[in-house]
file protein_23.cif (mmCIF, C-alpha atoms)
data_target
#
loop_
_atom_site.label_atom_id
_atom_site.label_comp_id
_atom_site.auth_asym_id
_atom_site.auth_seq_id
_atom_site.Cartn_x
_atom_site.Cartn_y
_atom_site.Cartn_z
CA ALA A 57 -16.83 -10.74 -21.79
CA GLN A 58 -20.22 -9.85 -20.41
CA SER A 59 -20.81 -6.55 -18.67
CA VAL A 60 -23.57 -4.54 -17.07
CA THR A 61 -24.23 -0.82 -17.09
CA GLN A 62 -26.23 0.94 -14.42
CA LEU A 63 -27.75 4.03 -15.92
CA ASP A 64 -28.32 6.07 -12.77
CA SER A 65 -25.69 6.82 -10.18
CA GLN A 66 -28.06 8.53 -7.73
CA VAL A 67 -31.81 8.13 -7.28
CA PRO A 68 -33.52 10.28 -4.66
CA VAL A 69 -37.06 9.19 -3.88
CA PHE A 70 -39.75 10.04 -1.35
CA GLU A 71 -41.02 7.46 1.10
CA GLU A 72 -43.91 5.35 -0.23
CA ALA A 73 -43.14 6.37 -3.83
CA PRO A 74 -42.15 3.78 -6.44
CA VAL A 75 -38.56 3.39 -7.58
CA GLU A 76 -36.91 1.87 -10.63
CA LEU A 77 -33.20 1.24 -10.97
CA ARG A 78 -31.98 0.63 -14.48
CA CYS A 79 -29.48 -2.00 -15.56
CA ASN A 80 -28.53 -2.99 -19.09
CA TYR A 81 -26.40 -6.00 -19.90
CA SER A 82 -24.25 -6.79 -22.89
CA SER A 83 -25.84 -9.21 -25.28
CA SER A 84 -25.14 -12.91 -24.98
CA VAL A 85 -26.65 -16.25 -25.84
CA SER A 86 -27.49 -17.01 -22.25
CA VAL A 87 -27.18 -14.83 -19.24
CA TYR A 88 -27.56 -14.92 -15.51
CA LEU A 89 -28.17 -11.63 -13.74
CA PHE A 90 -28.12 -10.49 -10.15
CA TRP A 91 -29.06 -7.50 -8.04
CA TYR A 92 -27.19 -6.93 -4.79
CA VAL A 93 -27.86 -4.37 -2.08
CA GLN A 94 -25.39 -2.77 0.27
CA TYR A 95 -26.91 -1.03 3.27
CA PRO A 96 -24.81 1.69 4.94
CA ASN A 97 -21.70 0.23 6.57
CA GLN A 98 -22.69 -3.32 5.70
CA GLY A 99 -21.67 -6.01 3.25
CA LEU A 100 -23.39 -7.16 0.08
CA GLN A 101 -26.68 -8.98 0.21
CA LEU A 102 -28.30 -10.77 -2.70
CA LEU A 103 -31.65 -9.15 -3.54
CA LEU A 104 -32.67 -11.39 -6.41
CA LYS A 105 -31.33 -13.39 -9.32
CA TYR A 106 -32.37 -14.38 -12.80
CA LEU A 107 -31.09 -17.76 -13.94
CA SER A 108 -33.81 -18.91 -16.35
CA GLY A 109 -37.56 -19.30 -16.60
CA SER A 110 -40.00 -16.54 -15.73
CA THR A 111 -38.78 -13.12 -16.76
CA LEU A 112 -40.31 -11.48 -13.68
CA VAL A 113 -38.16 -12.24 -10.69
CA LYS A 114 -39.23 -11.50 -7.14
CA GLY A 115 -36.69 -10.88 -4.45
CA ILE A 116 -36.48 -9.95 -0.83
CA ASN A 117 -37.91 -6.81 0.78
CA GLY A 118 -40.58 -6.35 -1.90
CA PHE A 119 -38.19 -5.85 -4.80
CA GLU A 120 -38.69 -7.37 -8.23
CA ALA A 121 -36.88 -7.22 -11.54
CA GLU A 122 -37.84 -7.98 -15.10
CA PHE A 123 -35.51 -9.67 -17.54
CA ASN A 124 -36.08 -8.15 -20.98
CA LYS A 125 -34.11 -9.91 -23.68
CA SER A 126 -35.10 -7.60 -26.53
CA GLN A 127 -33.96 -4.53 -24.62
CA THR A 128 -31.08 -6.33 -22.85
CA SER A 129 -32.29 -4.89 -19.57
CA PHE A 130 -32.81 -6.11 -16.03
CA HIS A 131 -34.41 -3.19 -14.21
CA LEU A 132 -35.12 -3.36 -10.50
CA ARG A 133 -38.39 -2.01 -9.13
CA LYS A 134 -40.21 -1.52 -5.88
CA PRO A 135 -43.75 -0.10 -5.83
CA SER A 136 -43.44 1.67 -2.49
CA VAL A 137 -40.12 2.38 -0.79
CA HIS A 138 -39.34 2.78 2.86
CA ILE A 139 -36.68 4.81 4.61
CA SER A 140 -34.87 1.53 5.28
CA ASP A 141 -34.39 1.01 1.52
CA THR A 142 -31.75 3.71 1.54
CA ALA A 143 -28.72 1.83 0.22
CA GLU A 144 -26.47 1.26 -2.74
CA TYR A 145 -27.67 -1.24 -5.33
CA PHE A 146 -25.50 -3.19 -7.72
CA CYS A 147 -26.39 -5.09 -10.84
CA ALA A 148 -24.00 -7.97 -11.64
CA VAL A 149 -23.35 -10.68 -14.21
CA PRO A 150 -21.16 -13.80 -13.90
CA ASN A 151 -18.18 -13.58 -16.18
CA ASP A 152 -15.16 -15.92 -16.36
CA TYR A 153 -14.90 -16.96 -12.70
CA LYS A 154 -16.00 -13.62 -11.32
CA LEU A 155 -18.97 -11.34 -10.97
CA SER A 156 -18.79 -8.19 -13.07
CA PHE A 157 -20.57 -5.37 -11.30
CA GLY A 158 -22.11 -2.16 -12.45
CA ALA A 159 -20.93 1.09 -10.90
CA GLY A 160 -23.81 1.10 -8.45
CA THR A 161 -26.91 3.21 -7.85
CA THR A 162 -27.31 5.04 -4.58
CA VAL A 163 -30.92 5.24 -3.48
CA THR A 164 -31.78 7.86 -0.89
CA VAL A 165 -35.28 7.67 0.53
CA ARG A 166 -36.62 10.86 2.09
CA ALA A 167 -39.61 11.27 4.37
CA GLU B 63 -24.68 -20.57 10.22
CA ALA B 64 -23.22 -20.41 6.72
CA GLN B 65 -20.99 -17.41 6.45
CA VAL B 66 -17.89 -15.73 5.13
CA THR B 67 -15.84 -13.90 7.74
CA GLN B 68 -13.17 -11.29 7.28
CA ASN B 69 -10.68 -9.79 9.68
CA PRO B 70 -10.04 -7.09 10.48
CA ARG B 71 -13.16 -5.13 9.61
CA TYR B 72 -11.35 -1.81 9.78
CA LEU B 73 -7.66 -1.11 9.37
CA ILE B 74 -5.61 2.07 9.18
CA THR B 75 -1.98 1.61 8.25
CA VAL B 76 0.94 3.46 6.72
CA THR B 77 2.59 3.17 3.35
CA GLY B 78 4.90 0.18 3.03
CA LYS B 79 3.84 -1.72 6.14
CA LYS B 80 2.93 -5.26 5.13
CA LEU B 81 -0.54 -6.41 6.08
CA THR B 82 -2.82 -9.42 5.69
CA VAL B 83 -6.60 -9.48 5.55
CA THR B 84 -7.98 -12.88 6.41
CA CYS B 85 -11.01 -14.54 4.86
CA SER B 86 -12.63 -17.75 5.98
CA GLN B 87 -15.76 -19.62 4.86
CA ASN B 88 -17.56 -22.52 6.51
CA MET B 89 -19.54 -23.78 3.50
CA ASN B 90 -16.86 -26.07 2.02
CA HIS B 91 -16.82 -23.93 -1.12
CA GLU B 92 -14.18 -24.57 -3.75
CA TYR B 93 -14.27 -21.09 -5.21
CA MET B 94 -13.13 -17.98 -3.36
CA SER B 95 -12.47 -14.48 -4.55
CA TRP B 96 -11.37 -11.01 -3.46
CA TYR B 97 -12.92 -7.77 -4.68
CA ARG B 98 -12.28 -4.13 -3.98
CA GLN B 99 -15.03 -1.53 -4.02
CA ASP B 100 -14.35 2.07 -5.01
CA PRO B 101 -16.87 4.89 -5.51
CA GLY B 102 -18.20 5.02 -9.04
CA LEU B 103 -16.41 1.82 -10.03
CA GLY B 104 -18.50 -0.84 -8.35
CA LEU B 105 -16.64 -3.96 -7.29
CA ARG B 106 -13.63 -5.22 -9.17
CA GLN B 107 -12.06 -8.63 -8.77
CA ILE B 108 -8.50 -8.76 -7.45
CA TYR B 109 -7.75 -12.49 -7.32
CA TYR B 110 -9.70 -15.70 -7.28
CA SER B 111 -9.10 -19.32 -6.39
CA MET B 112 -10.77 -22.37 -7.87
CA ASN B 113 -9.46 -24.70 -5.16
CA VAL B 114 -6.56 -25.33 -2.83
CA GLU B 115 -3.25 -24.22 -4.37
CA VAL B 116 -5.07 -22.88 -7.46
CA THR B 117 -5.17 -19.10 -7.75
CA ASP B 118 -5.39 -16.65 -10.62
CA LYS B 119 -5.43 -12.93 -11.25
CA GLY B 120 -8.59 -10.93 -11.59
CA ASP B 121 -8.96 -7.50 -13.09
CA VAL B 122 -6.84 -5.50 -10.64
CA PRO B 123 -4.15 -7.77 -9.11
CA GLU B 124 -1.26 -5.30 -8.98
CA GLY B 125 0.06 -4.80 -5.46
CA TYR B 126 -1.72 -7.82 -4.01
CA LYS B 127 -0.88 -11.44 -3.27
CA VAL B 128 -3.04 -14.35 -2.21
CA SER B 129 -2.58 -17.91 -1.07
CA ARG B 130 -4.92 -20.88 -0.73
CA LYS B 131 -3.31 -23.51 1.47
CA GLU B 132 -6.57 -24.63 3.01
CA LYS B 133 -9.99 -24.84 1.44
CA ARG B 134 -11.67 -22.60 3.98
CA ASN B 135 -9.11 -19.75 4.02
CA PHE B 136 -8.09 -17.24 1.39
CA PRO B 137 -5.96 -14.42 2.83
CA LEU B 138 -5.21 -11.23 0.92
CA ILE B 139 -1.68 -9.91 1.36
CA LEU B 140 -0.46 -6.40 0.69
CA GLU B 141 3.33 -6.59 0.79
CA SER B 142 3.87 -2.84 0.52
CA PRO B 143 0.59 -0.97 0.75
CA SER B 144 0.19 2.36 -0.98
CA PRO B 145 -2.48 5.06 -0.61
CA ASN B 146 -4.18 3.98 -3.85
CA GLN B 147 -5.05 0.72 -2.14
CA THR B 148 -7.30 2.55 0.27
CA SER B 149 -10.60 0.85 -0.41
CA LEU B 150 -13.35 -1.43 0.84
CA TYR B 151 -12.44 -5.08 0.34
CA PHE B 152 -14.82 -8.00 0.07
CA CYS B 153 -14.13 -11.69 0.14
CA ALA B 154 -16.60 -14.06 -1.52
CA SER B 155 -17.06 -17.79 -1.87
CA SER B 156 -19.13 -20.05 -4.07
CA SER B 157 -19.67 -23.71 -4.78
CA ASN B 158 -19.83 -22.90 -8.50
CA THR B 159 -17.56 -20.85 -10.65
CA GLY B 160 -18.95 -17.53 -9.48
CA ILE B 161 -22.59 -18.06 -10.32
CA LYS B 162 -23.87 -17.44 -6.81
CA GLN B 163 -21.40 -15.87 -4.47
CA PHE B 164 -21.62 -15.35 -0.73
CA PHE B 165 -19.91 -12.17 0.44
CA GLY B 166 -18.13 -11.36 3.64
CA PRO B 167 -18.92 -8.19 5.64
CA GLY B 168 -16.08 -6.19 4.12
CA THR B 169 -12.80 -4.73 5.34
CA ARG B 170 -12.31 -1.00 5.15
CA LEU B 171 -8.62 -0.29 4.62
CA THR B 172 -7.01 3.13 4.82
CA VAL B 173 -3.37 3.52 3.81
CA LEU B 174 -1.80 6.80 4.90
#

call {"tool": "encode", "arguments": {"input": "protein_23.cif", "output": "structure tokens"}}
result
Amino acid sequence: AQSVTQLDSQVPVFEEAPVELRCNYSSSVSVYLFWYVQYPNQGLQLLLKYLSGSTLVKGINGFEAEFNKSQTSFHLRKPSVHISDTAEYFCAVPNDYKLSFGAGTTVTVRA
Amino acid sequence: EAQVTQNPRYLITVTGKKLTVTCSQNMNHEYMSWYRQDPGLGLRQIYYSMNVEVTDKGDVPEGYKVSRKEKRNFPLILESPSPNQTSLYFCASSSNTGIKQFFGPGTRLTVL
């Protein structure tokens, strides 16, 4: 079964600074990968997805992620964060009729 | 508007009092699923359904029941809730077998 590991549980960052959230996946022949965001007291929203093709995936709200097969990683980045990016972020992989999620990374943006 | 709805959004109950959390989708999706979210554990699948009258266990099914009598609805039933079922619950639906899932807004359940 495929799985993902999020390497950071908490990431504090100052406003307008860059942020990177790390996600590693278990090796497989083919893989789809997702990043979801959960804003405070809200549901899950799809940020971006990798299905195939270009390894650099652009998502909503200025986020992007790079699929790296040799390092089995799918790190999420944003060059300049805003206070409104404060949220919990989940990496996920489809796996036998479900999504398998990482433990989540809480991003706190400070002024 | 395409959406997954859940009710109630917040629920406080006591140990042993049966409850049902409803989930409904308007996208004619075959696949529906329930997850629970706990701090440090991410989301874990409870049950899923591939279509009407077809359900199967996920990773953490103990203490839960589901039914799928209609395509649009997938209620989650806790026959005898216990405090360890205090959690945030999400319903999801998809036209594929979980490749792209649409999530509901969540139900925060507290069992005292």

call {"tool": "residues_near_point", "arguments": {"input": "protein_23.cif", "point": "(-13.8, -9.5, -21.0)", "cutoff": "10 Å", "atoms": "only C-alpha atoms", "output": "list of chain:residue names"}}
result
A:Ala57, A:Gln58, A:Ser59, A:Asn151, A:Asp152, A:Ser156, B:Asp121

call {"tool": "closest_atom_pairs", "arguments": {"input": "protein_23.cif", "of": "chain A", "to": "chain B", "cutoff": "6 Å", "atoms": "only C-alpha atoms", "output": "CSV"}}
result
residue,atom,partner,partner_atom,distance
A:Gly99,CA,B:Pro167,CA,4.2
A:Pro150,CA,B:Ile161,CA,5.7
A:Tyr153,CA,B:Thr159,CA,5.1
A:Lys154,CA,B:Gly160,CA,5.2
A:Phe157,CA,B:Gly104,CA,5.8
A:Gly158,CA,B:Gly104,CA,5.6
A:Ala159,CA,B:Gly104,CA,4.0
A:Gly160,CA,B:Gly104,CA,5.7

call {"tool": "closest_residue", "arguments": {"input": "protein_23.cif", "among": "A:Thr142, A:Gln101, A:Asn124, A:Gln66", "to": "Gln65 in chain B", "atoms": "all atoms listed in the file"}}
result
A:Gln101

call {"tool": "atom_distance", "arguments": {"input": "protein_23.cif", "atom1": "CA of Arg166 in chain A", "atom2": "CA of Phe70 in chain A"}}
result
4.7 Å

call {"tool": "resolve_selection", "arguments": {"input": "protein_23.cif", "expression": "the PyMOL selection byres ((chain A and resi 129) around 12)", "output": "VMD selection string"}}
result
chain A and resid 59 to 63 77 to 83 87 to 90 106 111 to 112 121 to 128 130 to 132 147 to 149

call {"tool": "write_last_selection", "arguments": {"input": "protein_23.cif", "atoms": "C-alpha atoms", "output": "short mmCIF file (atom, residue, chain, number, x, y, z; two decimals), in the coordinates of the input"}}
result
data_model
loop_
_atom_site.label_atom_id
_atom_site.label_comp_id
_atom_site.auth_asym_id
_atom_site.auth_seq_id
_atom_site.Cartn_x
_atom_site.Cartn_y
_atom_site.Cartn_z
CA SER A 59 -20.81 -6.55 -18.67
CA VAL A 60 -23.57 -4.54 -17.07
CA THR A 61 -24.23 -0.82 -17.09
CA GLN A 62 -26.23 0.94 -14.42
CA LEU A 63 -27.75 4.03 -15.92
CA LEU A 77 -33.20 1.24 -10.97
CA ARG A 78 -31.98 0.63 -14.48
CA CYS A 79 -29.48 -2.00 -15.56
CA ASN A 80 -28.53 -2.99 -19.09
CA TYR A 81 -26.40 -6.00 -19.90
CA SER A 82 -24.25 -6.79 -22.89
CA SER A 83 -25.84 -9.21 -25.28
CA VAL A 87 -27.18 -14.83 -19.24
CA TYR A 88 -27.56 -14.92 -15.51
CA LEU A 89 -28.17 -11.63 -13.74
CA PHE A 90 -28.12 -10.49 -10.15
CA TYR A 106 -32.37 -14.38 -12.80
CA THR A 111 -38.78 -13.12 -16.76
CA LEU A 112 -40.31 -11.48 -13.68
CA ALA A 121 -36.88 -7.22 -11.54
CA GLU A 122 -37.84 -7.98 -15.10
CA PHE A 123 -35.51 -9.67 -17.54
CA ASN A 124 -36.08 -8.15 -20.98
CA LYS A 125 -34.11 -9.91 -23.68
CA SER A 126 -35.10 -7.60 -26.53
CA GLN A 127 -33.96 -4.53 -24.62
CA THR A 128 -31.08 -6.33 -22.85
CA PHE A 130 -32.81 -6.11 -16.03
CA HIS A 131 -34.41 -3.19 -14.21
CA LEU A 132 -35.12 -3.36 -10.50
CA CYS A 147 -26.39 -5.09 -10.84
CA ALA A 148 -24.00 -7.97 -11.64
CA VAL A 149 -23.35 -10.68 -14.21
#

call {"tool": "resolve_selection", "arguments": {"input": "protein_23.cif", "expression": "the PyMOL selection byres ((chain A and resi 92) around 9)", "output": "ChimeraX atom specification"}}
result
/A:90-91,93-94,100-105,144-148

call {"tool": "atom_distance", "arguments": {"input": "protein_23.cif", "atom1": "CA of Glu76 in chain A", "atom2": "CA of Pro96 in chain A"}}
result
19.7 Å

call {"tool": "atom_distance", "arguments": {"input": "protein_23.cif", "atom1": "CA of Lys133 in chain B", "atom2": "CA of Val114 in chain B"}}
result
5.5 Å

call {"tool": "closest_residue", "arguments": {"input": "protein_23.cif", "among": "A:Thr164, A:Gly118, A:Pro135, A:Gln98", "to": "Arg71 in chain B", "atoms": "all atoms listed in the file"}}
result
A:Gln98

call {"tool": "residues_around", "arguments": {"input": "protein_23.cif", "residues": "Asn146 in chain B", "least_positions_apart": "2", "cutoff": "10 Å", "atoms": "all atoms listed in the file", "output": "MDAnalysis selection string"}}
result
chainID B and resid 77 125 143:144 148:149 172:174

call {"tool": "resolve_selection", "arguments": {"input": "protein_23.cif", "expression": "the PyMOL selection byres ((chain B and resi 82-85) around 8)", "output": "list in words"}}
result
Val66, Thr67, Gln68, Asn69, Pro70, Lys80, Leu81, Ser86, Gln87, Asn135, Phe136, Pro137, Leu138, Ile139, Leu140, Cys153, Gly166 and Thr169 of chain B

call {"tool": "closest_residue", "arguments": {"input": "protein_23.cif", "among": "B:Lys79, B:Thr117, B:Ser157, B:Tyr72", "to": "Pro145 in chain B", "atoms": "all atoms listed in the file"}}
result
B:Lys79

call {"tool": "residues_near_point", "arguments": {"input": "protein_23.cif", "point": "(-40.7, 2.0, 7.6)", "cutoff": "10 Å", "atoms": "all atoms listed in the file", "output": "ChimeraX atom specification"}}
result
/A:71-72,137-141,167

call {"tool": "axis_aligned_box", "arguments": {"input": "protein_23.cif", "around": "range 133-143 of chain A", "padding_each_side": "5 Å", "output": "lines of an AutoDock Vina configuration file"}}
result
center_x = -36.2
center_y = 1.4
center_z = -1.9
size_x = 25.0
size_y = 16.8
size_z = 24.4

call {"tool": "decode", "arguments": {"input": "protein_23.cif", "residues": "chain B", "atoms": "C-alpha atoms", "output": "compact mmCIF listing (two decimals), in the first residue's frame"}}
result
# COMPACT_ATOMS: atom_id res chain seq x y z
CA GLU B 63 -23.46 24.14 -7.04
CA ALA B 64 -21.63 20.83 -6.73
CA GLN B 65 -21.21 19.99 -3.09
CA VAL B 66 -21.10 17.48 -0.29
CA THR B 67 -23.18 18.39 2.73
CA GLN B 68 -23.03 17.01 6.24
CA ASN B 69 -25.35 17.38 9.18
CA PRO B 70 -25.00 18.26 11.91
CA ARG B 71 -21.85 20.36 11.79
CA TYR B 72 -21.38 20.20 15.54
CA LEU B 73 -22.67 17.61 17.98
CA ILE B 74 -22.13 17.02 21.68
CA THR B 75 -23.56 13.80 23.03
CA VAL B 76 -23.12 11.31 25.85
CA THR B 77 -21.69 7.83 25.91
CA GLY B 78 -24.04 5.18 24.55
CA LYS B 79 -26.61 7.46 22.91
CA LYS B 80 -27.05 6.38 19.30
CA LEU B 81 -26.47 9.05 16.69
CA THR B 82 -26.39 9.46 12.93
CA VAL B 83 -24.36 11.91 10.89
CA THR B 84 -25.84 12.45 7.46
CA CYS B 85 -23.92 12.98 4.24
CA SER B 86 -25.37 13.92 0.89
CA GLN B 87 -23.81 14.74 -2.50
CA ASN B 88 -25.39 16.24 -5.58
CA MET B 89 -22.79 15.18 -8.16
CA ASN B 90 -24.18 11.71 -8.93
CA HIS B 91 -20.96 10.17 -7.65
CA GLU B 92 -20.74 6.42 -7.24
CA TYR B 93 -18.03 6.49 -4.61
CA MET B 94 -18.51 7.87 -1.11
CA SER B 95 -16.38 7.62 1.98
CA TRP B 96 -16.12 8.61 5.64
CA TYR B 97 -12.94 9.77 7.35
CA ARG B 98 -12.09 10.86 10.84
CA GLN B 99 -9.43 13.44 11.59
CA ASP B 100 -7.40 13.35 14.79
CA PRO B 101 -4.43 15.53 15.76
CA GLY B 102 -1.14 14.08 14.60
CA LEU B 103 -2.84 11.28 12.69
CA GLY B 104 -4.20 13.07 9.65
CA LEU B 105 -7.37 11.63 8.17
CA ARG B 106 -8.16 7.95 8.37
CA GLN B 107 -10.85 6.17 6.40
CA ILE B 108 -13.70 4.61 8.35
CA TYR B 109 -15.91 3.12 5.64
CA TYR B 110 -16.42 3.55 1.95
CA SER B 111 -19.04 2.70 -0.63
CA MET B 112 -18.53 1.96 -4.30
CA ASN B 113 -22.23 2.23 -5.13
CA VAL B 114 -25.71 1.65 -3.76
CA GLU B 115 -25.81 -1.30 -1.36
CA VAL B 116 -22.02 -1.78 -1.70
CA THR B 117 -20.01 -0.82 1.37
CA ASP B 118 -16.70 -1.91 2.84
CA LYS B 119 -14.50 -1.24 5.84
CA GLY B 120 -11.69 1.25 5.80
CA ASP B 121 -8.83 1.48 8.24
CA VAL B 122 -10.77 2.27 11.43
CA PRO B 123 -14.31 0.83 11.17
CA GLU B 124 -14.77 -0.33 14.77
CA GLY B 125 -17.75 1.29 16.45
CA TYR B 126 -19.26 2.61 13.24
CA LYS B 127 -21.91 1.51 10.76
CA VAL B 128 -22.90 2.85 7.38
CA SER B 129 -25.60 2.29 4.82
CA ARG B 130 -26.00 3.24 1.17
CA LYS B 131 -29.64 2.88 0.17
CA GLU B 132 -29.57 5.81 -2.22
CA LYS B 133 -26.77 7.01 -4.43
CA ARG B 134 -26.68 10.51 -3.01
CA ASN B 135 -26.71 9.62 0.72
CA PHE B 136 -24.19 7.87 2.92
CA PRO B 137 -25.03 8.21 6.63
CA LEU B 138 -22.57 7.34 9.38
CA ILE B 139 -24.11 5.61 12.39
CA LEU B 140 -22.63 5.35 15.86
CA GLU B 141 -24.76 2.79 17.69
CA SER B 142 -23.11 3.31 21.06
CA PRO B 143 -20.70 6.24 20.96
CA SER B 144 -17.71 6.30 23.26
CA PRO B 145 -15.34 9.14 24.20
CA ASN B 146 -12.63 7.79 21.87
CA GLN B 147 -14.92 8.59 18.97
CA THR B 148 -14.62 12.28 19.73
CA SER B 149 -13.21 13.56 16.48
CA LEU B 150 -13.74 15.62 13.35
CA TYR B 151 -15.55 13.62 10.67
CA PHE B 152 -15.47 14.21 6.95
CA CYS B 153 -17.59 12.72 4.22
CA ALA B 154 -16.21 12.59 0.68
CA SER B 155 -17.45 11.60 -2.74
CA SER B 156 -15.84 10.86 -6.07
CA SER B 157 -16.74 9.69 -9.54
CA ASN B 158 -13.62 7.52 -9.56
CA THR B 159 -12.30 5.11 -7.01
CA GLY B 160 -10.88 7.81 -4.77
CA ILE B 161 -8.63 9.55 -7.24
CA LYS B 162 -10.20 12.97 -6.80
CA GLN B 163 -12.44 13.33 -3.82
CA PHE B 164 -14.77 16.16 -2.87
CA PHE B 165 -15.02 16.71 0.87
CA GLY B 166 -17.87 17.90 3.00
CA PRO B 167 -17.43 20.70 5.57
CA GLY B 168 -16.88 18.31 8.48
CA THR B 169 -18.79 17.34 11.61
CA ARG B 170 -17.17 17.95 14.95
CA LEU B 171 -18.39 15.29 17.38
CA THR B 172 -17.78 15.32 21.12
CA VAL B 173 -18.76 12.28 23.18
CA LEU B 174 -18.84 12.90 26.92
